[in-house]
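Step one of this worksheet: look at the structure below.
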Amino acid sequence: TTNNNNFTGYFTDNHALGEVDETNGNGGAITFKDISTNCIFICDFINNTASKNGGGVNYRQSPQNIVFNGNFINNTSPKGGGVNFFDSFKNIIFNGEFIGNSAVNGGAIAAGNGIIKDVSFKNNHAENGGAVYFARTGEIINCNFTDNFARYGGAAYFMDKGTITNCNFTNNSVTRYGGAVFIYSGSVDNCNFANNSATHDGGAVYMYSGSVDNCNFTNNSAYYGGAIEFDGTGDV
């Protein structure tokens with residue numbers, strides 16, 4: 001258990017590359033195997049790599065009340081290039097940017113459930129969710145996504161339910177579906193989408209079912225649904 005600790009300094013060019021099982025993961029700079037609460041990180045995570053989970057930081061248990069006062073830059077892992085949460089997380093604050101991180105799922109952040117708020121994501125890339133990947137239910141509030149890239153969900157990918165509110169998506173792209181957002185079901189409200197693109201469907205948003213309300217779409221493009229593609233039932 002890691003509680004009530006402060007971490008100050010920087011984590012650069014660290015590597016966790018040994019064989020590990022899917023349950024434990026590893027974490028390029030830091031891995032927390034047990035519960036972590038009430039911690040503050042005053043540091044940057046740069047050029048760290050992990051062979052399984054969390055290029056920068058990996059949480060096996062569900063952390064809460066954690067503050068990161070720093071940036072995640074050019075970290076790499078198959079799951080969660082910057083940070084991986086095996087399950088959920090609560091009240092995690094990122095007072096920095098995620099820039100140039102990469103993964104298969106979640107170029108910057110991968111998680112099961114959680115809320116991401118007030119974060120900037122730039123130039124992150126992945127197969128699913130160029131910046132953010134939720135395996136179950138997630139919420140994104142007041143975030144900016146610029147120049148992120150993926151196969152599905154250029155900025156964000158929700159495998160199940162998702163909610164996106166008051167976010168800006170600019171110049172994100174995919175080679176398949178959802179130039180900015182790929183979401184199975186949920187809602188997108190009060191967001192701005194500009195210059196996002198998909199080679200196939202949903203230049204800005206690809207959604208199976210749900211709603212898009214009070215959003216602005218400018219110069220987005222796709223083969224089908226230049227701005228939005230509803231593959232099932234949708235309301236605008």
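Numbering starts fresh at 1 for the residues of each chain in the structure tokens, the chains themselves are lettered A, B, ... in the order given, and ligands are numbered from 1 as they appear.
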Using DSSP on the backbone, list every residue of region 171-205 of chain A that comes out as strand (DSSP E or B), and give them as number ranges by chain.
A: 173-177, 181-189, 192-194, 197-198, 201, 205
Residues of region 110-139 of chain A within 10 Å of region 174-184 of chain A: nearest atom pair and distance (Å, one decimal) for each, counting only C-alpha atoms, sorted by chain and number, as a Markdown table?
| residue | atom | partner | partner_atom | distance |
| --- | --- | --- | --- | --- |
| A:His125 | CA | A:Val174 | CA | 9.7 |
| A:Ala126 | CA | A:Val174 | CA | 9.7 |
| A:Glu127 | CA | A:Val174 | CA | 9.0 |
| A:Asn128 | CA | A:Phe182 | CA | 8.7 |
| A:Gly129 | CA | A:Phe182 | CA | 7.8 |
| A:Gly130 | CA | A:Val174 | CA | 8.6 |
| A:Ala131 | CA | A:Ala180 | CA | 9.8 |
| A:Val132 | CA | A:Val181 | CA | 9.6 |
| A:Tyr133 | CA | A:Phe182 | CA | 9.7 |
| A:Phe134 | CA | A:Ile183 | CA | 9.5 |
Quick one: residues within 9 Å of Phe193 (chain A), only C-alpha atoms, excluding same-chain residues fewer than 6 positions away - as a list in words?
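After dropping sequence-adjacent residues, the list is Cys167, Asn168, Phe169, Thr170, Asn171, Ala180, Ala204, Val205, Cys215, Asn216, Phe217, Thr218, Asn219, Asn220 and Ala227 of chain A.
Counting from CA of Thr31 (chain A), the distance to CA of Asn58 (chain A) is 4.6 Å.
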Restricting the calculation to only C-alpha atoms, which member of A:Asn69, A:Asn53, A:Thr76, A:Asn84 is positioned closest to Asp13 (chain A)?
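That would be A:Thr76, the residue with the smallest distance to Asp13 (chain A).
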The residue from A:Met207, A:Ile115, A:Ala108, A:Val67 with the smallest atom-to-atom distance to Gly55 (chain A), counting only C-alpha atoms, is A:Ala108
Can you list, as number ranges by chain, every protein, DNA or RNA residue that comes within 10 Å of Asn101 (chain A) when you count only C-alpha atoms, leaving out same-chain residues fewer than 6 positions away?
A: 46-49, 55-56, 72-77, 80-83, 107-109, 121-126, 130-131, 148
Write the residues you've just listed into a file as a compact mmCIF listing (two decimals), in the first residue's frame, and include N, CA, C and O atoms for each of them.
# COMPACT_ATOMS: atom_id res chain seq x y z
N ILE A 46 9.26 10.77 -19.00
CA ILE A 46 9.71 10.98 -20.38
C ILE A 46 10.46 9.74 -20.89
O ILE A 46 11.38 9.23 -20.23
N ASN A 47 10.05 9.24 -22.05
CA ASN A 47 10.75 8.15 -22.75
C ASN A 47 10.85 6.86 -21.94
O ASN A 47 11.86 6.15 -22.01
N ASN A 48 9.81 6.55 -21.16
CA ASN A 48 9.79 5.29 -20.44
C ASN A 48 9.02 4.24 -21.24
O ASN A 48 8.10 4.58 -21.99
N THR A 49 9.37 2.96 -21.06
CA THR A 49 8.71 1.90 -21.81
C THR A 49 8.38 0.71 -20.91
O THR A 49 9.11 0.43 -19.95
N GLY A 55 3.35 2.53 -19.77
CA GLY A 55 4.69 2.95 -20.16
C GLY A 55 5.34 3.85 -19.12
O GLY A 55 6.53 3.73 -18.84
N GLY A 56 4.54 4.74 -18.54
CA GLY A 56 5.04 5.59 -17.47
C GLY A 56 4.71 5.02 -16.11
O GLY A 56 5.58 4.72 -15.30
N PHE A 72 3.59 13.81 -19.27
CA PHE A 72 3.92 12.48 -19.77
C PHE A 72 4.28 12.63 -21.25
O PHE A 72 3.42 12.97 -22.07
N ILE A 73 5.56 12.37 -21.57
CA ILE A 73 6.05 12.64 -22.93
C ILE A 73 6.77 11.41 -23.48
O ILE A 73 7.71 10.88 -22.87
N ASN A 74 6.33 10.93 -24.64
CA ASN A 74 7.00 9.87 -25.39
C ASN A 74 7.18 8.57 -24.60
O ASN A 74 8.21 7.90 -24.71
N ASN A 75 6.18 8.21 -23.79
CA ASN A 75 6.20 6.92 -23.11
C ASN A 75 5.47 5.88 -23.96
O ASN A 75 4.56 6.22 -24.72
N THR A 76 5.85 4.60 -23.82
CA THR A 76 5.33 3.57 -24.70
C THR A 76 5.00 2.29 -23.94
O THR A 76 5.78 1.85 -23.08
N SER A 77 3.87 1.68 -24.28
CA SER A 77 3.47 0.38 -23.73
C SER A 77 2.32 -0.15 -24.57
O SER A 77 1.58 0.62 -25.18
N GLY A 80 -1.93 1.59 -22.31
CA GLY A 80 -1.67 2.79 -21.53
C GLY A 80 -0.26 3.29 -21.70
O GLY A 80 0.60 3.08 -20.84
N GLY A 81 0.00 3.97 -22.83
CA GLY A 81 1.36 4.45 -23.10
C GLY A 81 1.91 5.33 -21.99
O GLY A 81 3.07 5.21 -21.62
N GLY A 82 1.07 6.21 -21.46
CA GLY A 82 1.48 7.05 -20.34
C GLY A 82 1.14 6.43 -19.00
O GLY A 82 2.01 6.21 -18.16
N VAL A 83 -0.16 6.12 -18.81
CA VAL A 83 -0.64 5.55 -17.54
C VAL A 83 -1.65 4.45 -17.85
O VAL A 83 -2.53 4.61 -18.70
N GLY A 107 -3.14 5.46 -26.21
CA GLY A 107 -1.81 6.02 -26.38
C GLY A 107 -1.31 6.76 -25.15
O GLY A 107 -0.14 6.66 -24.79
N ALA A 108 -2.20 7.49 -24.48
CA ALA A 108 -1.83 8.22 -23.27
C ALA A 108 -2.32 7.52 -22.01
O ALA A 108 -1.56 7.29 -21.07
N ILE A 109 -3.63 7.19 -21.97
CA ILE A 109 -4.25 6.59 -20.78
C ILE A 109 -5.14 5.43 -21.18
O ILE A 109 -5.94 5.55 -22.12
N PHE A 121 -4.18 16.60 -24.47
CA PHE A 121 -3.56 15.46 -25.15
C PHE A 121 -3.11 15.89 -26.54
O PHE A 121 -3.93 16.34 -27.35
N LYS A 122 -1.82 15.69 -26.84
CA LYS A 122 -1.29 16.10 -28.14
C LYS A 122 -0.39 15.00 -28.73
O LYS A 122 0.46 14.44 -28.04
N ASN A 123 -0.61 14.69 -30.00
CA ASN A 123 0.28 13.81 -30.76
C ASN A 123 0.47 12.42 -30.14
O ASN A 123 1.54 11.83 -30.24
N ASN A 124 -0.56 11.90 -29.50
CA ASN A 124 -0.51 10.54 -29.00
C ASN A 124 -1.09 9.60 -30.05
O ASN A 124 -1.92 10.00 -30.86
N HIS A 125 -0.66 8.33 -30.05
CA HIS A 125 -1.20 7.42 -31.06
C HIS A 125 -1.31 5.99 -30.54
O HIS A 125 -0.58 5.58 -29.63
N ALA A 126 -2.27 5.24 -31.11
CA ALA A 126 -2.54 3.86 -30.71
C ALA A 126 -3.37 3.18 -31.79
O ALA A 126 -3.82 3.81 -32.74
N GLY A 130 -6.36 6.88 -29.68
CA GLY A 130 -5.07 7.53 -29.83
C GLY A 130 -4.57 8.15 -28.54
O GLY A 130 -3.38 8.09 -28.23
N ALA A 131 -5.47 8.74 -27.76
CA ALA A 131 -5.09 9.32 -26.47
C ALA A 131 -5.67 8.52 -25.30
O ALA A 131 -4.96 8.18 -24.36
N ASN A 148 -4.00 13.74 -32.42
CA ASN A 148 -3.87 12.35 -32.00
C ASN A 148 -4.30 11.43 -33.14
O ASN A 148 -5.09 11.82 -34.00
Pairwise distance for CA of Asn166 (chain A) and CA of Val236 (chain A), rounded to one decimal in Å:
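Straight-line distance from CA of Asn166 (chain A) to CA of Val236 (chain A) works out to 16.1 Å.
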Just to confirm, what's the straight-line distance from CA of Ser62 (chain A) to CA of Pro78 (chain A) in Å (one decimal)?
19.6 Å
Could you name the residues that touch Ala50 (chain A) at 6 Å or less, counting only C-alpha atoms, but leaving out those on the same chain fewer than 3 positions away, as an MDAnalysis selection string?
chainID A and resid 15:17 27:28 55 77
Selection export as a PDB file, in the first residue's frame, atoms kept: C-alpha atoms:
ATOM      1  CA  HIS A  15      12.358   0.306 -19.042  1.00  0.00           C
ATOM      2  CA  ALA A  16      10.327  -2.598 -17.671  1.00  0.00           C
ATOM      3  CA  LEU A  17      10.812  -5.261 -20.288  1.00  0.00           C
ATOM      4  CA  GLY A  27       5.086  -0.093 -15.514  1.00  0.00           C
ATOM      5  CA  GLY A  28       8.044   1.494 -17.308  1.00  0.00           C
ATOM      6  CA  GLY A  55       4.694   2.948 -20.160  1.00  0.00           C
ATOM      7  CA  SER A  77       3.471   0.384 -23.730  1.00  0.00           C
TER       8      SER A  77
END
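For the set A:Cys191, A:Val212, A:Ala110, A:Ile42, the residue with the smallest atom-to-atom gap to Cys143 (chain A) is A:Cys191, counting only C-alpha atoms.
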Contacts of region 44-130 of chain A with region 136-139 of chain A up to 9 Å, shortest pair per row, only C-alpha atoms, as a Markdown table:
| residue | atom | partner | partner_atom | distance |
| --- | --- | --- | --- | --- |
| A:Ala111 | CA | A:Arg136 | CA | 8.0 |
| A:Gly112 | CA | A:Arg136 | CA | 5.1 |
| A:Asn113 | CA | A:Thr137 | CA | 4.9 |
| A:Gly114 | CA | A:Gly138 | CA | 5.1 |
| A:Ile115 | CA | A:Glu139 | CA | 4.7 |
| A:Ile116 | CA | A:Glu139 | CA | 6.3 |
| A:Lys117 | CA | A:Glu139 | CA | 8.3 |
Would you mind telling me which residue in A:Asn214, A:Asn65, A:Ser197, A:Ser120 lies nearest to Asn95 (chain A) when using only C-alpha atoms?
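Once distances to Asn95 (chain A) are computed over only C-alpha atoms, the minimum belongs to A:Ser120.
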